[in-house]
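What follows is a set of notes on a single structure, which appears directly below.
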Number of protein chains: 2
Amino acid sequence: MPTIKDVAKLAGVSIATVSNTLNGGRYVSPPLRSAVLSAVRSLGYVPNGVARSLRRRHTQTLGFLVPDITNPFFSGLVKAVERAARKQGYQVLLSSSEENPELEFDLTLALASRQVDGLIAVPTGDSTEYLEHLGLPVVLLDRIGRSESLDRIGVNNAQAAQTGTEYLLAQGHRRILLLVSTLELANIRERVEGYRRALEAAHLPYHPEWVVACGREANSVEAAITAIQTHRPTALFAATNRLSLIAVRAIRHLRLAFPEEISLLGFDDFEWSTLLEPYLTTVVQPLEAMGSTALELLLARIKDNDHPPQTLLLPCELAVRQSVARA
Amino acid sequence: MPTIKDVAKLAGVSIATVSNTLNGGRYVSPPLRSAVLSAVRSLGYVPNGVARSLRRRHTQTLGFLVPDITNPFFSGLVKAVERAARKQGYQVLLSSSEENPELEFDLTLALASRQVDGLIAVPTGDSTEYLEHLGLPVVLLDRIGRSESLDRIGVNNAQAAQTGTEYLLAQGHRRILLLVSTLELANIRERVEGYRRALEAAHLPYHPEWVVACGREANSVEAAITAIQTHRPTALFAATNRLSLIAVRAIRHLRLAFPEEISLLGFDDFEWSTLLEPYLTTVVQPLEAMGSTALELLLARIKDNDHPPQTLLLPCELAVRQSVARA
DNA sequence: TTGAAAGCGCTAACAC
DNA sequence: GTGTTAGCGCTTTCAA
């Protein structure tokens, strides 16, 4: 690979002139300018970004840590963040922790060592202390835990789940099962809380057994099946996109008429859900806004670290389609 | 952020000793060793990977260029490549070109400038000349075009499509529409060729009009609808996962009994397809093997660039499920 | 067994 | 306007 020296030699100028024509640092006269440019072209010179970063002391790179790149919710977030970052002249370095806290920790260190200028993180769990002492601008996205010292941007989970539940209630449903992955995630606990609040507002009892933990694996459909058989709900509220999948499998396994005998409300929207018929009615999270807002907060923090951390909760919307029938 | 100098000063040793205890370069006596380690801990020192890379002249980083991170086929590939890379001590720098050739080019340059040690690329199209002159080890994955000078690992598309078509034929179908995105992709053309060969082997005529180009956008369902109305097929063969989506929408739009009146065979397997009932019968590509083989070829090329480029074509399998009925 | 110092490729301060 | 040079943080050679 040619270096800036090779270009300078070929163009018959100093390396400073090469650097300046390439970076627009200071005025370079047209003749030298074009000499440099043609030398660059004929050598196929690409500036060494590693050396540049070392010298400039920043990398124009942001780290983005997600739990699972394969989940359409996160890949949608990735797209949103990348687009926003590109617009601001930043690249993003993506790391997928595969929901593994140790791997997450290692990846974070790797990102720090690569000198990313900042980090957007969707942690595997709510334990984010180590992120607070990273000595790096960090914003928490989606799974914002309870850290008060980091910028966070999330969604109003309780509100969203309450709205969803109220919709189900308005359709006449009284026996509503809430399918959750694990109560270990604050996001999920808040969704439970929203569900509870809707019930309470309607003067209906809250049955803890109606909140069924299905685990974090995509293929654990047994818990859902058992719960449906036991509690005979008329509607299912899946608190996560993966859980919509599980719900559908359970409904089919039990050969229930869908949505006539049992309704389904999902959380998180995703393109491939249109394979499902009836089309899934769902609480949709504002992916694009989440990504771009996270980026904004991070850039602001990079520019100036001396302002208090903010927490932004974005609202979700309900997309009414076909999977919820009147009870 | 503390540097190696800070650590050396605090530990009362030279920076060489810090480097050597951290990297195991040469023997360091236990007392100095532990002095260094405790200094590292108390400062929260993380080595500057940028400086390290500049000095070592490699980054232990591989670039991976995909057309769309949001497509489960590619995100599956990403997971496979990342896992394989991690096992070999490499990190991967992911770039998503959003099927945009100019963006692809820019991203590739950015990757080169970041001094990745090698690049795995799934290009947006079949024009890969610029990748050949990048001065960087490159392996082409999935969309391998016709470059003879690069290592390539793909799938036997013609064979796979032929097997799929033969299966449809064996189920008694005679009017089979092949849904494709665009004939611009060699992969797709090969799938068409496999379809043609199966027809030919069965002494059946090949109707070019039965190959319907739906475009690369996910929501262009009109072409499929029109083709179904015009040609009255008993089976659809979707040459791509997105096209399965389109096929399903078209089938529903026309209110055809599925799979009784019209069967569907997909290409590419993906978790979320289980939302579809009947379960999708599909040609499945060996994601894991594709990813790990690509990595192997790339590592071999990085280690020694003096061997002729290889092309590996992996076989696909047919997963028979429920979406194909007997005609 | 350890330290001093050169140098990776670049940018920016300084000199002319 | 342009060239020379110090130095970013690290690894590694050379000296001791």
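In the structure tokens, each chain is lettered A, B, ... as it comes, each chain's residues begin at 1, and ligands are numbered from 1 in order of appearance.
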Item checked: Shell around B:Thr182 at 9 Å using only C-alpha atoms (C1' of nucleotides), local window under 6 positions removed, as a PyMOL selection string -> chain B and resi 188-189+212-216
Margin query: Env of stretch 13-16 of chain B: 9 Å cut, atoms = only C-alpha atoms (C1' of nucleotides), seq-sep filter 6 positions within chain, self excluded. Answer as a ChimeraX atom specification.
Written below: /B:4-7,32,35-36 /C:2-4 /D:11-12
Keeping N, CA, C and O atoms (P, O5', C5', C4', C3', O3' and C1' of nucleotides) for every residue in the selection just given, could you write it to a file as a tab-separated table (two decimals), in the first residue's frame?
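Okay, this is what ended up in again-v9.tsv:
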chain	number	residue	atom	x	y	z
B	4	ILE	N	0.24	4.30	27.84
B	4	ILE	CA	1.23	3.35	28.35
B	4	ILE	C	2.28	4.08	29.20
B	4	ILE	O	2.84	3.52	30.14
B	5	LYS	N	2.49	5.34	28.89
B	5	LYS	CA	3.44	6.14	29.67
B	5	LYS	C	2.97	6.32	31.10
B	5	LYS	O	3.76	6.26	32.04
B	6	ASP	N	1.68	6.61	31.22
B	6	ASP	CA	1.12	6.80	32.56
B	6	ASP	C	1.30	5.53	33.39
B	6	ASP	O	1.64	5.58	34.56
B	7	VAL	N	1.04	4.40	32.74
B	7	VAL	CA	1.17	3.13	33.44
B	7	VAL	C	2.62	2.93	33.85
B	7	VAL	O	2.92	2.56	35.00
B	32	LEU	N	8.12	-6.73	38.87
B	32	LEU	CA	7.76	-5.69	37.92
B	32	LEU	C	6.40	-6.00	37.30
B	32	LEU	O	5.55	-5.13	37.12
B	35	ALA	N	3.67	-5.05	39.53
B	35	ALA	CA	3.59	-3.59	39.63
B	35	ALA	C	2.83	-3.04	38.42
B	35	ALA	O	1.94	-2.20	38.55
B	36	VAL	N	3.19	-3.56	37.25
B	36	VAL	CA	2.52	-3.12	36.04
B	36	VAL	C	1.03	-3.43	36.09
B	36	VAL	O	0.18	-2.57	35.85
C	2	DT	P	12.76	-7.56	34.85
C	2	DT	O5'	13.50	-6.45	34.04
C	2	DT	C5'	14.07	-5.35	34.73
C	2	DT	C4'	14.67	-4.40	33.73
C	2	DT	C3'	13.68	-3.43	33.09
C	2	DT	O3'	13.83	-2.22	33.81
C	2	DT	C1'	15.36	-4.19	31.58
C	3	DG	P	12.89	-0.98	33.45
C	3	DG	O5'	13.80	-0.17	32.43
C	3	DG	C5'	15.13	0.14	32.81
C	3	DG	C4'	15.83	0.91	31.71
C	3	DG	C3'	15.01	2.05	31.10
C	3	DG	O3'	15.89	3.14	30.89
C	3	DG	C1'	15.66	0.54	29.38
C	4	DA	P	15.36	4.55	30.41
C	4	DA	O5'	16.09	4.79	29.02
C	4	DA	C5'	17.26	4.08	28.67
C	4	DA	C4'	17.66	4.45	27.24
C	4	DA	C3'	17.02	5.71	26.66
C	4	DA	O3'	17.95	6.24	25.72
C	4	DA	C1'	16.23	3.82	25.47
D	11	DT	P	1.68	-2.52	22.16
D	11	DT	O5'	2.86	-2.69	21.11
D	11	DT	C5'	2.54	-3.05	19.78
D	11	DT	C4'	3.81	-3.22	18.97
D	11	DT	C3'	4.67	-4.41	19.38
D	11	DT	O3'	5.20	-4.90	18.16
D	11	DT	C1'	5.95	-2.45	19.52
D	12	DT	P	5.87	-6.36	18.03
D	12	DT	O5'	7.40	-6.01	17.80
D	12	DT	C5'	7.74	-5.08	16.77
D	12	DT	C4'	9.17	-4.67	16.93
D	12	DT	C3'	10.11	-5.79	17.44
D	12	DT	O3'	11.31	-5.67	16.72
D	12	DT	C1'	10.36	-3.91	18.78
Note to self: With only C-alpha atoms (C1' of nucleotides) considered, list every residue of chain A at most 8 Å from chain D, as a PyMOL selection string.
What the structure shows: chain A and resi 14+16-17+27-29+54-57
Would you export the selected residues with all heavy atoms as a compact mmCIF listing (two decimals), in the first residue's frame, please?
# COMPACT_ATOMS: atom_id res chain seq x y z
N SER A 14 5.87 18.32 -1.06
CA SER A 14 6.06 17.83 0.30
C SER A 14 4.82 17.09 0.77
O SER A 14 3.74 17.24 0.21
CB SER A 14 6.32 19.00 1.24
OG SER A 14 5.10 19.70 1.46
N ALA A 16 3.19 17.62 3.34
CA ALA A 16 2.20 18.58 3.85
C ALA A 16 1.26 19.00 2.72
O ALA A 16 0.04 19.11 2.93
CB ALA A 16 2.90 19.80 4.42
N THR A 17 1.81 19.19 1.55
CA THR A 17 0.96 19.60 0.43
C THR A 17 -0.01 18.49 0.04
O THR A 17 -1.17 18.75 -0.29
CB THR A 17 1.85 19.99 -0.76
OG1 THR A 17 2.62 21.14 -0.37
CG2 THR A 17 1.02 20.33 -1.97
N TYR A 27 -4.76 26.48 1.57
CA TYR A 27 -4.80 26.68 0.12
C TYR A 27 -3.61 26.01 -0.57
O TYR A 27 -2.47 26.12 -0.11
CB TYR A 27 -4.82 28.17 -0.21
CG TYR A 27 -4.91 28.42 -1.70
CD1 TYR A 27 -6.13 28.31 -2.36
CD2 TYR A 27 -3.76 28.72 -2.43
CE1 TYR A 27 -6.20 28.50 -3.72
CE2 TYR A 27 -3.84 28.91 -3.79
CZ TYR A 27 -5.06 28.80 -4.44
OH TYR A 27 -5.14 28.98 -5.79
N VAL A 28 -3.91 25.31 -1.65
CA VAL A 28 -2.86 24.70 -2.46
C VAL A 28 -3.05 25.19 -3.89
O VAL A 28 -4.16 25.16 -4.41
CB VAL A 28 -2.95 23.16 -2.43
CG1 VAL A 28 -1.91 22.55 -3.36
CG2 VAL A 28 -2.77 22.64 -1.01
N SER A 29 -1.98 25.65 -4.51
CA SER A 29 -2.10 26.21 -5.87
C SER A 29 -2.52 25.14 -6.87
O SER A 29 -2.15 23.97 -6.72
CB SER A 29 -0.77 26.82 -6.30
OG SER A 29 0.18 25.79 -6.47
N LEU A 54 -4.75 8.24 14.84
CA LEU A 54 -3.79 8.36 15.94
C LEU A 54 -3.38 9.83 16.09
O LEU A 54 -3.34 10.37 17.19
CB LEU A 54 -2.55 7.51 15.63
CG LEU A 54 -1.46 7.56 16.71
CD1 LEU A 54 -2.02 7.08 18.05
CD2 LEU A 54 -0.26 6.72 16.31
N ARG A 55 -3.14 10.44 14.97
CA ARG A 55 -2.70 11.81 15.00
C ARG A 55 -3.82 12.78 15.42
O ARG A 55 -3.66 13.63 16.27
CB ARG A 55 -2.18 12.17 13.60
CG ARG A 55 -1.74 13.58 13.39
CD ARG A 55 -0.61 13.94 14.32
NE ARG A 55 -0.96 15.12 15.06
CZ ARG A 55 -0.23 16.22 15.11
NH1 ARG A 55 0.95 16.25 14.53
NH2 ARG A 55 -0.64 17.25 15.78
N ARG A 56 -4.98 12.58 14.83
CA ARG A 56 -6.08 13.51 15.12
C ARG A 56 -6.69 13.32 16.50
O ARG A 56 -7.43 14.14 16.99
CB ARG A 56 -7.20 13.30 14.09
CG ARG A 56 -6.87 13.89 12.75
CD ARG A 56 -8.16 13.98 11.95
NE ARG A 56 -7.93 14.54 10.63
CZ ARG A 56 -8.70 14.29 9.58
NH1 ARG A 56 -9.73 13.47 9.69
NH2 ARG A 56 -8.45 14.85 8.42
N ARG A 57 -6.45 12.15 17.05
CA ARG A 57 -6.96 11.79 18.37
C ARG A 57 -8.46 11.64 18.41
O ARG A 57 -9.09 11.81 19.46
CB ARG A 57 -6.47 12.81 19.40
CG ARG A 57 -5.03 13.24 19.08
CD ARG A 57 -4.40 13.90 20.21
NE ARG A 57 -4.44 12.99 21.36
CZ ARG A 57 -3.78 13.21 22.46
NH1 ARG A 57 -3.06 14.27 22.58
NH2 ARG A 57 -3.86 12.36 23.45
Notebook entry, point to check: With only C-alpha atoms as the basis for distance, which of B:Ser149, B:Ser19, B:Ser113, B:Ser323 is at the shortest distance from A:Gly49?
Noted result: B:Ser113
Next item on the list: Kindly provide, as a count of residues only, the residues of chain A having any atom no farther than 8 Å from an atom of chain B, counting only C-alpha atoms.
Entry: 32
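Using only C-alpha atoms (C1' of nucleotides), we find that the part of chain C lying within 9 Å of chain A comprises DC8, DG9, DC10 and DT11 of chain C.
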Could you write out the selected residues, including N, CA, C and O atoms (P, O5', C5', C4', C3', O3' and C1' of nucleotides), as a tab-separated table (two decimals), in the first residue's frame?
chain	number	residue	atom	x	y	z
C	8	DC	P	8.95	4.13	9.42
C	8	DC	O5'	7.49	3.52	9.31
C	8	DC	C5'	7.19	2.15	9.57
C	8	DC	C4'	5.78	2.09	10.13
C	8	DC	C3'	4.84	3.10	9.49
C	8	DC	O3'	4.16	2.47	8.41
C	8	DC	C1'	4.59	3.03	11.90
C	9	DG	P	4.24	3.11	6.93
C	9	DG	O5'	3.17	4.27	7.02
C	9	DG	C5'	1.81	3.96	7.22
C	9	DG	C4'	1.05	5.24	7.47
C	9	DG	C3'	1.22	6.30	6.38
C	9	DG	O3'	-0.08	6.72	6.02
C	9	DG	C1'	1.69	7.23	8.51
C	10	DC	P	-0.38	7.88	5.03
C	10	DC	O5'	-0.73	9.07	6.04
C	10	DC	C5'	-1.92	9.01	6.80
C	10	DC	C4'	-1.84	9.95	7.96
C	10	DC	C3'	-1.99	11.43	7.62
C	10	DC	O3'	-3.37	11.76	7.75
C	10	DC	C1'	-0.34	11.02	9.31
C	11	DT	P	-3.79	13.25	7.27
C	11	DT	O5'	-3.39	14.15	8.53
C	11	DT	C5'	-4.14	13.98	9.73
C	11	DT	C4'	-3.71	15.01	10.75
C	11	DT	C3'	-4.02	16.45	10.39
C	11	DT	O3'	-4.41	17.05	11.62
C	11	DT	C1'	-1.70	16.23	10.78
Next item on the list: List every residue of stretch 163-236 of chain B that DSSP, applied to the backbone, labels as helix (DSSP H, G or I), and write the result as a VMD selection string.
Entry: chain B and resid 163 to 170 186 to 201 208 to 210 222 to 231
For the residues in the current selection, export C-alpha atoms as a compact mmCIF listing (two decimals), in the first residue's frame.
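selection_39.txt written:
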# COMPACT_ATOMS: atom_id res chain seq x y z
CA THR B 163 -33.82 -29.60 -7.42
CA GLY B 164 -36.60 -27.32 -6.26
CA THR B 165 -38.29 -27.34 -9.64
CA GLU B 166 -37.97 -31.10 -9.92
CA TYR B 167 -39.68 -31.44 -6.59
CA LEU B 168 -42.56 -29.28 -7.81
CA LEU B 169 -42.73 -31.34 -10.98
CA ALA B 170 -42.75 -34.56 -8.97
CA ALA B 186 -25.91 -13.71 -11.75
CA ASN B 187 -27.30 -15.68 -8.82
CA ILE B 188 -30.79 -15.12 -10.07
CA ARG B 189 -29.91 -15.92 -13.65
CA GLU B 190 -28.45 -19.21 -12.48
CA ARG B 191 -31.61 -20.01 -10.59
CA VAL B 192 -33.57 -19.37 -13.76
CA GLU B 193 -31.20 -21.66 -15.57
CA GLY B 194 -31.77 -24.43 -13.03
CA TYR B 195 -35.51 -24.01 -13.42
CA ARG B 196 -35.12 -24.24 -17.20
CA ARG B 197 -32.97 -27.34 -16.96
CA ALA B 198 -35.49 -29.15 -14.79
CA LEU B 199 -38.22 -28.39 -17.30
CA GLU B 200 -36.05 -29.53 -20.15
CA ALA B 201 -35.11 -32.76 -18.41
CA PRO B 208 -39.86 -17.12 -20.65
CA GLU B 209 -43.03 -15.27 -19.61
CA TRP B 210 -43.35 -17.61 -16.65
CA GLU B 222 -48.46 -6.13 -8.70
CA ALA B 223 -46.24 -7.99 -11.16
CA ALA B 224 -46.84 -11.22 -9.31
CA ILE B 225 -50.59 -10.68 -9.19
CA THR B 226 -50.80 -9.94 -12.89
CA ALA B 227 -48.67 -12.93 -13.79
CA ILE B 228 -50.78 -15.27 -11.71
CA GLN B 229 -53.97 -13.97 -13.29
CA THR B 230 -52.51 -14.27 -16.77
CA HIS B 231 -50.82 -17.66 -16.54
Notebook entry, point to check: Excluding same-chain residues fewer than 5 positions from A:Ala85, what lies within 12 Å of it counting only C-alpha atoms (C1' of nucleotides), as a ChimeraX atom specification?
Noted result: /A:60-64,78-80,90-93,118-120,291-299
Restricting the output to N, CA and C atoms, write the selected residues as a compact mmCIF listing (two decimals), in the first residue's frame.
# COMPACT_ATOMS: atom_id res chain seq x y z
N GLN A 60 -13.76 9.48 14.28
CA GLN A 60 -15.01 9.67 13.53
C GLN A 60 -15.78 8.35 13.45
N THR A 61 -15.67 7.59 14.50
CA THR A 61 -16.32 6.28 14.53
C THR A 61 -17.09 6.14 15.82
N LEU A 62 -18.27 5.58 15.72
CA LEU A 62 -19.10 5.34 16.90
C LEU A 62 -19.31 3.84 17.04
N GLY A 63 -19.28 3.37 18.26
CA GLY A 63 -19.59 1.97 18.48
C GLY A 63 -21.08 1.79 18.68
N PHE A 64 -21.60 0.67 18.22
CA PHE A 64 -23.01 0.38 18.47
C PHE A 64 -23.11 -1.07 18.91
N VAL A 78 -30.25 -0.68 13.87
CA VAL A 78 -28.92 -0.53 13.26
C VAL A 78 -29.01 0.34 12.02
N LYS A 79 -29.98 0.03 11.20
CA LYS A 79 -30.13 0.79 9.97
C LYS A 79 -30.38 2.27 10.29
N ALA A 80 -31.25 2.51 11.25
CA ALA A 80 -31.57 3.89 11.61
C ALA A 80 -30.33 4.62 12.13
N TYR A 90 -20.02 10.19 10.45
CA TYR A 90 -19.48 9.16 11.33
C TYR A 90 -19.71 7.77 10.75
N GLN A 91 -18.79 6.88 11.04
CA GLN A 91 -19.01 5.48 10.71
C GLN A 91 -19.45 4.76 11.96
N VAL A 92 -20.15 3.66 11.81
CA VAL A 92 -20.45 2.91 13.02
C VAL A 92 -19.86 1.53 13.01
N LEU A 93 -19.34 1.19 14.16
CA LEU A 93 -18.72 -0.10 14.38
C LEU A 93 -19.69 -0.95 15.16
N GLY A 118 -17.49 7.44 20.65
CA GLY A 118 -18.63 7.32 21.54
C GLY A 118 -19.29 5.98 21.32
N LEU A 119 -20.21 5.66 22.21
CA LEU A 119 -20.83 4.33 22.14
C LEU A 119 -22.33 4.41 22.38
N ILE A 120 -23.07 3.76 21.51
CA ILE A 120 -24.50 3.56 21.74
C ILE A 120 -24.67 2.10 22.13
N GLY A 291 -33.25 5.69 16.82
CA GLY A 291 -31.88 5.72 16.32
C GLY A 291 -31.34 7.12 16.16
N SER A 292 -32.14 7.99 15.55
CA SER A 292 -31.59 9.32 15.28
C SER A 292 -31.47 10.13 16.57
N THR A 293 -32.38 9.93 17.50
CA THR A 293 -32.27 10.65 18.76
C THR A 293 -31.05 10.18 19.56
N ALA A 294 -30.84 8.87 19.55
CA ALA A 294 -29.67 8.34 20.26
C ALA A 294 -28.41 8.97 19.69
N LEU A 295 -28.37 9.07 18.38
CA LEU A 295 -27.20 9.65 17.74
C LEU A 295 -27.02 11.11 18.14
N GLU A 296 -28.12 11.83 18.15
CA GLU A 296 -28.05 13.25 18.54
C GLU A 296 -27.50 13.42 19.95
N LEU A 297 -28.06 12.66 20.87
CA LEU A 297 -27.59 12.76 22.25
C LEU A 297 -26.11 12.44 22.34
N LEU A 298 -25.71 11.41 21.61
CA LEU A 298 -24.31 11.00 21.68
C LEU A 298 -23.39 12.08 21.13
N LEU A 299 -23.77 12.64 20.00
CA LEU A 299 -22.94 13.67 19.38
C LEU A 299 -22.85 14.90 20.29
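Every protein or nucleic acid residue with an atom no more than 8 Å from A:Pro123, counting only C-alpha atoms (C1' of nucleotides) and leaving out same-chain residues fewer than 6 positions away, appears here: Leu65, Val66, Pro67, Glu104, Leu140 and Arg143 of chain A.
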Margin query: For the strand (DSSP E or B) assignment from backbone DSSP, which residues of stretch 54-232 of chain A qualify? Please present them as a PyMOL selection string.
Written below: chain A and resi 61-66+91-96+118-121+138-141+151-155+176-180+211-213
Check: Can you tell me how far atom CA of A:Val81 sits from atom CA of A:Leu131, in Å to one decimal?
Finding: 19.4 Å
